[in-house]
$ cat start.pdb   # PDB, C-alpha atoms and all ligand atoms
ATOM      1  CA  MET J   1     100.346 109.171 143.489  1.00  0.00           C
ATOM      2  CA  LYS J   2     103.156 106.632 143.845  1.00  0.00           C
ATOM      3  CA  ILE J   3     105.118 106.358 140.630  1.00  0.00           C
ATOM      4  CA  THR J   4     107.842 103.843 139.826  1.00  0.00           C
ATOM      5  CA  LEU J   5     109.897 104.063 136.647  1.00  0.00           C
ATOM      6  CA  TYR J   6     111.986 101.176 135.395  1.00  0.00           C
ATOM      7  CA  GLU J   7     114.659 102.772 133.262  1.00  0.00           C
ATOM      8  CA  TYR J   8     118.123 102.488 131.815  1.00  0.00           C
ATOM      9  CA  GLY J   9     120.192 105.552 130.954  1.00  0.00           C
ATOM     10  CA  PRO J  10     120.994 105.488 127.251  1.00  0.00           C
ATOM     11  CA  THR J  11     117.610 104.195 126.101  1.00  0.00           C
ATOM     12  CA  ARG J  12     114.169 105.570 125.349  1.00  0.00           C
ATOM     13  CA  SER J  13     113.986 105.952 129.138  1.00  0.00           C
ATOM     14  CA  GLN J  14     115.534 109.379 128.465  1.00  0.00           C
ATOM     15  CA  ARG J  15     112.116 110.494 127.250  1.00  0.00           C
ATOM     16  CA  THR J  16     110.278 109.460 130.398  1.00  0.00           C
ATOM     17  CA  ARG J  17     112.904 110.920 132.740  1.00  0.00           C
ATOM     18  CA  TRP J  18     112.780 114.231 130.869  1.00  0.00           C
ATOM     19  CA  ALA J  19     108.963 114.291 131.014  1.00  0.00           C
ATOM     20  CA  PHE J  20     109.027 113.680 134.790  1.00  0.00           C
ATOM     21  CA  LEU J  21     111.517 116.524 135.262  1.00  0.00           C
ATOM     22  CA  GLU J  22     109.460 118.964 133.171  1.00  0.00           C
ATOM     23  CA  ALA J  23     106.333 117.894 135.041  1.00  0.00           C
ATOM     24  CA  GLY J  24     108.019 118.297 138.420  1.00  0.00           C
ATOM     25  CA  LEU J  25     106.743 114.892 139.536  1.00  0.00           C
ATOM     26  CA  GLU J  26     108.657 112.750 142.026  1.00  0.00           C
ATOM     27  CA  TYR J  27     109.134 109.109 141.157  1.00  0.00           C
ATOM     28  CA  GLU J  28     111.024 106.095 142.359  1.00  0.00           C
ATOM     29  CA  SER J  29     113.669 105.131 139.831  1.00  0.00           C
ATOM     30  CA  ILE J  30     114.702 101.520 139.382  1.00  0.00           C
ATOM     31  CA  GLU J  31     117.575 101.593 136.945  1.00  0.00           C
ATOM     32  CA  GLY J  32     119.783  99.100 135.208  1.00  0.00           C
ATOM     33  CA  ARG J  33     120.530  97.230 132.000  1.00  0.00           C
ATOM     34  CA  GLU J  34     119.727  93.954 133.730  1.00  0.00           C
ATOM     35  CA  LEU J  35     116.076  95.020 133.994  1.00  0.00           C
ATOM     36  CA  ILE J  36     115.598  94.411 130.253  1.00  0.00           C
ATOM     37  CA  HIS J  37     113.689  91.104 129.842  1.00  0.00           C
ATOM     38  CA  SER J  38     113.628  90.654 133.630  1.00  0.00           C
ATOM     39  CA  ASP J  39     110.633  88.971 135.274  1.00  0.00           C
ATOM     40  CA  GLU J  40     109.950  92.206 137.157  1.00  0.00           C
ATOM     41  CA  VAL J  41     109.659  94.282 133.983  1.00  0.00           C
ATOM     42  CA  LYS J  42     107.754  91.545 132.131  1.00  0.00           C
ATOM     43  CA  LYS J  43     104.969  92.065 134.692  1.00  0.00           C
ATOM     44  CA  ILE J  44     104.575  95.547 133.165  1.00  0.00           C
ATOM     45  CA  HIS J  45     105.775  95.288 129.551  1.00  0.00           C
ATOM     46  CA  PRO J  46     104.754  92.186 127.583  1.00  0.00           C
ATOM     47  CA  LEU J  47     108.192  92.075 125.950  1.00  0.00           C
ATOM     48  CA  GLY J  48     110.144  93.070 129.049  1.00  0.00           C
ATOM     49  CA  LYS J  49     111.379  96.298 127.444  1.00  0.00           C
ATOM     50  CA  LEU J  50     112.314  99.641 128.975  1.00  0.00           C
ATOM     51  CA  PRO J  51     110.994 102.084 129.928  1.00  0.00           C
ATOM     52  CA  ALA J  52     108.115 100.695 131.940  1.00  0.00           C
ATOM     53  CA  ALA J  53     106.192 102.384 134.733  1.00  0.00           C
ATOM     54  CA  LEU J  54     103.798 101.805 137.609  1.00  0.00           C
ATOM     55  CA  PHE J  55     101.302 104.538 138.512  1.00  0.00           C
ATOM     56  CA  ASP J  56      99.773 103.649 141.876  1.00  0.00           C
ATOM     57  CA  GLY J  57     100.559 100.049 141.000  1.00  0.00           C
ATOM     58  CA  LYS J  58      98.986 100.225 137.537  1.00  0.00           C
ATOM     59  CA  PRO J  59     101.361  99.186 134.732  1.00  0.00           C
ATOM     60  CA  LEU J  60     102.022 101.405 131.710  1.00  0.00           C
ATOM     61  CA  PHE J  61     104.518 100.806 128.921  1.00  0.00           C
ATOM     62  CA  GLU J  62     105.655 102.524 125.669  1.00  0.00           C
ATOM     63  CA  SER J  63     107.695 105.651 126.252  1.00  0.00           C
ATOM     64  CA  ALA J  64     105.311 107.879 124.273  1.00  0.00           C
ATOM     65  CA  ALA J  65     102.283 106.661 126.246  1.00  0.00           C
ATOM     66  CA  ILE J  66     104.088 107.173 129.562  1.00  0.00           C
ATOM     67  CA  CYS J  67     105.227 110.685 128.557  1.00  0.00           C
ATOM     68  CA  THR J  68     101.763 111.650 127.358  1.00  0.00           C
ATOM     69  CA  TYR J  69     100.196 110.431 130.605  1.00  0.00           C
ATOM     70  CA  ILE J  70     102.780 112.347 132.664  1.00  0.00           C
ATOM     71  CA  ALA J  71     101.918 115.514 130.739  1.00  0.00           C
ATOM     72  CA  ASP J  72      98.208 114.923 131.297  1.00  0.00           C
ATOM     73  CA  LEU J  73      98.787 114.576 135.057  1.00  0.00           C
ATOM     74  CA  VAL J  74      99.991 118.182 135.317  1.00  0.00           C
ATOM     75  CA  PRO J  75      97.776 120.325 133.024  1.00  0.00           C
ATOM     76  CA  GLU J  76      99.029 123.464 134.812  1.00  0.00           C
ATOM     77  CA  LYS J  77     102.504 122.886 133.326  1.00  0.00           C
ATOM     78  CA  GLY J  78     101.193 123.250 129.764  1.00  0.00           C
ATOM     79  CA  LEU J  79     103.100 120.245 128.465  1.00  0.00           C
ATOM     80  CA  ILE J  80     100.153 119.023 126.372  1.00  0.00           C
ATOM     81  CA  ALA J  81      96.866 120.341 125.067  1.00  0.00           C
ATOM     82  CA  ALA J  82      93.579 118.963 126.377  1.00  0.00           C
ATOM     83  CA  SER J  83      91.998 115.949 124.751  1.00  0.00           C
ATOM     84  CA  GLY J  84      89.655 116.933 121.914  1.00  0.00           C
ATOM     85  CA  THR J  85      91.560 120.078 120.927  1.00  0.00           C
ATOM     86  CA  TRP J  86      93.272 120.609 117.588  1.00  0.00           C
ATOM     87  CA  GLU J  87      96.673 120.823 119.305  1.00  0.00           C
ATOM     88  CA  ARG J  88      96.068 117.419 120.888  1.00  0.00           C
ATOM     89  CA  ALA J  89      95.332 116.001 117.451  1.00  0.00           C
ATOM     90  CA  LEU J  90      98.634 117.458 116.246  1.00  0.00           C
ATOM     91  CA  HIS J  91     100.413 115.824 119.219  1.00  0.00           C
ATOM     92  CA  ASP J  92      98.961 112.451 118.226  1.00  0.00           C
ATOM     93  CA  GLN J  93      99.876 113.071 114.606  1.00  0.00           C
ATOM     94  CA  TRP J  94     103.529 113.881 115.312  1.00  0.00           C
ATOM     95  CA  VAL J  95     103.978 111.072 117.811  1.00  0.00           C
ATOM     96  CA  ALA J  96     102.585 108.487 115.395  1.00  0.00           C
ATOM     97  CA  PHE J  97     104.581 109.935 112.498  1.00  0.00           C
ATOM     98  CA  CYS J  98     107.773 110.103 114.518  1.00  0.00           C
ATOM     99  CA  LEU J  99     107.534 106.516 115.764  1.00  0.00           C
ATOM    100  CA  THR J 100     106.328 104.846 112.579  1.00  0.00           C
ATOM    101  CA  GLU J 101     107.867 106.908 109.768  1.00  0.00           C
ATOM    102  CA  MET J 102     111.172 107.793 111.427  1.00  0.00           C
ATOM    103  CA  GLU J 103     112.158 105.892 114.579  1.00  0.00           C
ATOM    104  CA  ALA J 104     111.054 102.467 113.299  1.00  0.00           C
ATOM    105  CA  PHE J 105     113.807 102.598 110.676  1.00  0.00           C
ATOM    106  CA  LEU J 106     116.475 103.649 113.193  1.00  0.00           C
ATOM    107  CA  TRP J 107     115.390 100.780 115.414  1.00  0.00           C
ATOM    108  CA  HIS J 108     115.472  98.267 112.558  1.00  0.00           C
ATOM    109  CA  SER J 109     119.032  99.314 111.767  1.00  0.00           C
ATOM    110  CA  ALA J 110     120.001  99.115 115.455  1.00  0.00           C
ATOM    111  CA  ARG J 111     118.527  95.611 115.729  1.00  0.00           C
ATOM    112  CA  ASN J 112     120.671  94.511 112.831  1.00  0.00           C
ATOM    113  CA  GLN J 113     123.762  96.313 114.117  1.00  0.00           C
ATOM    114  CA  PHE J 114     123.919  95.323 117.774  1.00  0.00           C
ATOM    115  CA  VAL J 115     120.603  94.179 119.290  1.00  0.00           C
ATOM    116  CA  LEU J 116     119.986  90.801 117.623  1.00  0.00           C
ATOM    117  CA  PRO J 117     122.398  87.904 118.040  1.00  0.00           C
ATOM    118  CA  GLU J 118     124.986  88.048 115.252  1.00  0.00           C
ATOM    119  CA  GLU J 119     123.652  85.035 113.390  1.00  0.00           C
ATOM    120  CA  LYS J 120     120.229  86.674 113.035  1.00  0.00           C
ATOM    121  CA  ARG J 121     121.431  90.051 111.766  1.00  0.00           C
ATOM    122  CA  LEU J 122     120.690  91.191 108.208  1.00  0.00           C
ATOM    123  CA  THR J 123     123.530  93.047 106.531  1.00  0.00           C
ATOM    124  CA  ASN J 124     121.712  94.829 103.705  1.00  0.00           C
ATOM    125  CA  VAL J 125     119.087  96.916 105.511  1.00  0.00           C
ATOM    126  CA  PHE J 126     121.045 100.024 106.453  1.00  0.00           C
ATOM    127  CA  GLU J 127     120.803 102.009 103.219  1.00  0.00           C
ATOM    128  CA  GLN J 128     117.108 101.297 102.827  1.00  0.00           C
ATOM    129  CA  ASN J 129     116.429 102.258 106.455  1.00  0.00           C
ATOM    130  CA  ALA J 130     118.440 105.478 106.108  1.00  0.00           C
ATOM    131  CA  GLU J 131     116.426 106.399 103.009  1.00  0.00           C
ATOM    132  CA  ALA J 132     113.110 105.639 104.679  1.00  0.00           C
ATOM    133  CA  PHE J 133     114.090 107.637 107.781  1.00  0.00           C
ATOM    134  CA  SER J 134     115.111 110.570 105.599  1.00  0.00           C
ATOM    135  CA  ALA J 135     111.798 110.528 103.744  1.00  0.00           C
ATOM    136  CA  GLY J 136     110.001 110.938 107.082  1.00  0.00           C
ATOM    137  CA  ALA J 137     112.510 113.469 108.358  1.00  0.00           C
ATOM    138  CA  VAL J 138     111.696 115.739 105.382  1.00  0.00           C
ATOM    139  CA  GLY J 139     108.195 116.118 106.834  1.00  0.00           C
ATOM    140  CA  MET J 140     109.450 117.073 110.279  1.00  0.00           C
ATOM    141  CA  GLU J 141     112.116 119.337 108.765  1.00  0.00           C
ATOM    142  CA  GLN J 142     109.357 121.350 107.063  1.00  0.00           C
ATOM    143  CA  ALA J 143     107.311 121.484 110.276  1.00  0.00           C
ATOM    144  CA  VAL J 144     110.089 123.228 112.211  1.00  0.00           C
ATOM    145  CA  GLU J 145     111.039 125.593 109.396  1.00  0.00           C
ATOM    146  CA  ASP J 146     108.810 128.428 110.584  1.00  0.00           C
ATOM    147  CA  GLN J 147     108.114 127.367 114.174  1.00  0.00           C
ATOM    148  CA  ASP J 148     110.423 126.489 117.044  1.00  0.00           C
ATOM    149  CA  TYR J 149     108.436 123.474 118.285  1.00  0.00           C
ATOM    150  CA  LEU J 150     106.131 120.909 116.731  1.00  0.00           C
ATOM    151  CA  VAL J 151     102.790 121.854 118.270  1.00  0.00           C
ATOM    152  CA  GLY J 152     101.475 125.403 118.607  1.00  0.00           C
ATOM    153  CA  ASN J 153     105.009 126.826 118.418  1.00  0.00           C
ATOM    154  CA  ARG J 154     105.614 126.173 122.111  1.00  0.00           C
ATOM    155  CA  PHE J 155     107.588 123.447 123.856  1.00  0.00           C
ATOM    156  CA  SER J 156     105.480 120.416 124.739  1.00  0.00           C
ATOM    157  CA  VAL J 157     105.793 116.724 125.506  1.00  0.00           C
ATOM    158  CA  THR J 158     105.577 116.139 121.759  1.00  0.00           C
ATOM    159  CA  ASP J 159     109.072 117.630 121.502  1.00  0.00           C
ATOM    160  CA  ILE J 160     110.379 115.307 124.219  1.00  0.00           C
ATOM    161  CA  ILE J 161     109.159 112.304 122.241  1.00  0.00           C
ATOM    162  CA  ALA J 162     110.322 113.586 118.844  1.00  0.00           C
ATOM    163  CA  GLY J 163     113.564 115.060 120.206  1.00  0.00           C
ATOM    164  CA  PHE J 164     114.789 111.635 121.267  1.00  0.00           C
ATOM    165  CA  THR J 165     114.265 110.310 117.740  1.00  0.00           C
ATOM    166  CA  VAL J 166     115.951 113.304 116.121  1.00  0.00           C
ATOM    167  CA  ASN J 167     118.909 113.003 118.500  1.00  0.00           C
ATOM    168  CA  TRP J 168     119.206 109.294 117.745  1.00  0.00           C
ATOM    169  CA  ALA J 169     119.357 110.137 114.032  1.00  0.00           C
ATOM    170  CA  ARG J 170     122.024 112.755 114.738  1.00  0.00           C
ATOM    171  CA  GLY J 171     124.118 110.068 116.446  1.00  0.00           C
ATOM    172  CA  MET J 172     123.795 107.936 113.314  1.00  0.00           C
ATOM    173  CA  GLY J 173     124.972 110.785 111.075  1.00  0.00           C
ATOM    174  CA  LEU J 174     121.572 111.122 109.380  1.00  0.00           C
ATOM    175  CA  LEU J 175     120.853 114.781 110.204  1.00  0.00           C
ATOM    176  CA  ASP J 176     123.294 116.467 107.816  1.00  0.00           C
ATOM    177  CA  PRO J 177     120.637 117.229 105.151  1.00  0.00           C
ATOM    178  CA  PHE J 178     118.279 118.699 107.763  1.00  0.00           C
ATOM    179  CA  PRO J 179     119.393 122.115 109.088  1.00  0.00           C
ATOM    180  CA  ASN J 180     116.002 122.894 110.627  1.00  0.00           C
ATOM    181  CA  LEU J 181     116.035 119.656 112.618  1.00  0.00           C
ATOM    182  CA  GLN J 182     119.596 120.406 113.742  1.00  0.00           C
ATOM    183  CA  ALA J 183     118.472 123.832 115.001  1.00  0.00           C
ATOM    184  CA  TYR J 184     115.387 122.268 116.629  1.00  0.00           C
ATOM    185  CA  LEU J 185     117.582 119.774 118.462  1.00  0.00           C
ATOM    186  CA  ALA J 186     119.942 122.545 119.589  1.00  0.00           C
ATOM    187  CA  ARG J 187     116.923 124.363 121.084  1.00  0.00           C
ATOM    188  CA  LEU J 188     115.913 121.200 122.940  1.00  0.00           C
ATOM    189  CA  PHE J 189     119.439 120.708 124.307  1.00  0.00           C
ATOM    190  CA  GLU J 190     119.251 124.227 125.790  1.00  0.00           C
ATOM    191  CA  ARG J 191     116.366 123.264 128.063  1.00  0.00           C
ATOM    192  CA  PRO J 192     117.589 122.799 131.656  1.00  0.00           C
ATOM    193  CA  HIS J 193     115.793 119.471 132.090  1.00  0.00           C
ATOM    194  CA  CYS J 194     116.857 117.981 128.780  1.00  0.00           C
ATOM    195  CA  THR J 195     118.107 114.411 129.261  1.00  0.00           C
ATOM    196  CA  LEU J 196     119.275 113.797 125.700  1.00  0.00           C
ATOM    197  CA  THR J 197     122.933 112.890 125.394  1.00  0.00           C
ATOM    198  CA  GLN J 198     125.502 113.925 122.809  1.00  0.00           C
ATOM    199  CA  ARG J 199     126.610 110.369 122.123  1.00  0.00           C
TER     200      ARG J 199
HETATM  201  N1  LIG S   1     108.540 101.417 121.493  1.00  0.00           N
HETATM  202  C1  LIG S   1     109.129 101.163 122.788  1.00  0.00           C
HETATM  203  C2  LIG S   1     110.508 100.606 122.569  1.00  0.00           C
HETATM  204  C3  LIG S   1     111.085 100.018 123.834  1.00  0.00           C
HETATM  205  C4  LIG S   1     112.430  99.386 123.563  1.00  0.00           C
HETATM  206  O1  LIG S   1     112.660  98.765 122.516  1.00  0.00           O
HETATM  207  N2  LIG S   1     113.323  99.546 124.524  1.00  0.00           N
HETATM  208  C5  LIG S   1     114.650  98.998 124.383  1.00  0.00           C
HETATM  209  C6  LIG S   1     115.617  99.880 125.107  1.00  0.00           C
HETATM  210  S1  LIG S   1     115.626 101.478 124.295  1.00  0.00           S
HETATM  211  C7  LIG S   1     114.650  97.601 124.943  1.00  0.00           C
HETATM  212  O2  LIG S   1     114.168  97.384 126.037  1.00  0.00           O
HETATM  213  N3  LIG S   1     115.187  96.667 124.160  1.00  0.00           N
HETATM  214  C8  LIG S   1     115.238  95.278 124.467  1.00  0.00           C
HETATM  215  C9  LIG S   1     114.733  94.474 123.300  1.00  0.00           C
HETATM  216  O3  LIG S   1     114.586  94.998 122.202  1.00  0.00           O
HETATM  217  O4  LIG S   1     114.461  93.283 123.474  1.00  0.00           O
HETATM  218  C10 LIG S   1     109.172 102.462 123.601  1.00  0.00           C
HETATM  219  O5  LIG S   1     109.275 103.540 123.000  1.00  0.00           O
HETATM  220  O6  LIG S   1     109.101 102.413 124.830  1.00  0.00           O
END
$ encode --input "start.pdb" --output "structure tokens"
Amino acid sequence: MKITLYEYGPTRSQRTRWAFLEAGLEYESIEGRELIHSDEVKKIHPLGKLPAALFDGKPLFESAAICTYIADLVPEKGLIAASGTWERALHDQWVAFCLTEMEAFLWHSARNQFVLPEEKRLTNVFEQNAEAFSAGAVGMEQAVEDQDYLVGNRFSVTDIIAGFTVNWARGMGLLDPFPNLQAYLARLFERPHCTLTQR
């Protein structure tokens, strides 16, 4: 299969790169900040965002969807449970929870800090977003209290997706109340293929 990944280092592309490395799949990397909103990427992602991928010419966007598909391509690597199993349901649960109850609030703060043009930025969203993130993080904190990883107590693609969010929160100083998430992140950083950065 010919795989092309449009990516840019410090972004959610970290998830897809990490998933490819764990899967042991070769891919062509097209990298650069200038790809964001480019005509080339808009052919794949309706909003021209990164990451975006082509699998044998077929477009796929959303980092979680790309990572999940990568994991499904290599069942022998044990990065994800089969469709229809309880563990797969837990993968879907944690991905949806992570993106909607945690990462969405980090992203909304980022948009109002540096993504949107200055004149469009709101100045009073940060406290509310931090509180909403923390409410979600309590749920994930409990999940990794008595297990090392989110699904079936073994590393999976779910941890790649969630780990990026948890690391983002660490960078924003939001992890202090969550010792279990700090330990979880430390475990993820120990993995040889981990692409998360200590920014
Ligand atoms: N939910 C998407 C988010 C993609 C996204 O927002 N990517 C950022 C880089 S991390 C981007 O391209 N931003 C440009 C923009 O917001 O217009 C995913 O996880 O892939």
$ closest_residue --input "start.pdb" --among "J:Leu25, J:Leu174, J:Ile70, J:Leu196" --to "Ser13 in chain J" --atoms "all atoms listed in the file"
J:Leu196
$ closest_residue --input "start.pdb" --among "J:Phe97, J:Trp86, J:Trp107, J:Phe126" --to "ligand LIG 1 (chain S)" --atoms "only C-alpha atoms and all ligand atoms"
J:Trp107
$ closest_residue --input "start.pdb" --among "J:Glu87, J:His108, J:Met1, J:Phe55" --to "ligand LIG 1 (chain S)" --atoms "only C-alpha atoms and all ligand atoms"
J:His108
$ resolve_selection --input "start.pdb" --expression "the PyMOL selection byres (((not hetatm)) within 7 of (chain S and resi 1))" --output "list in words"
Thr11, Arg12, Ser13, Ile36, His37, Leu47, Gly48, Lys49, Leu50, Pro51, Phe61, Glu62, Ser63, Ala64 and Val115 of chain J
$ resolve_selection --input "start.pdb" --expression "the PyMOL selection byres (((chain J and resi 168) around 10) and not hetatm)" --output "number ranges by chain"
J: 11-12, 103, 106-107, 162-167, 169-175, 196-199
$ resolve_selection --input "start.pdb" --expression "the PyMOL selection byres (((chain J and resi 15-19) around 7) and not hetatm)" --output "number ranges by chain"
J: 12-14, 20-23, 63, 66-67, 70, 157, 160-161, 164, 193-195
$ residues_around --input "start.pdb" --residues "range 132-147 of chain J" --least-positions-apart "2" --cutoff "8 Å" --atoms "only C-alpha atoms" --output "list in words"
Phe97, Cys98, Glu101, Met102, Glu103, Phe105, Leu106, Gln128, Asn129, Ala130, Tyr149, Leu150, Asn153, Leu174, Phe178, Pro179, Asn180, Leu181 and Tyr184 of chain J
$ atom_distance --input "start.pdb" --atom1 "CA of Leu79 in chain J" --atom2 "CA of Leu54 in chain J"
20.6 Å
$ atom_distance --input "start.pdb" --atom1 "CA of Tyr6 in chain J" --atom2 "CA of Pro59 in chain J"
10.8 Å
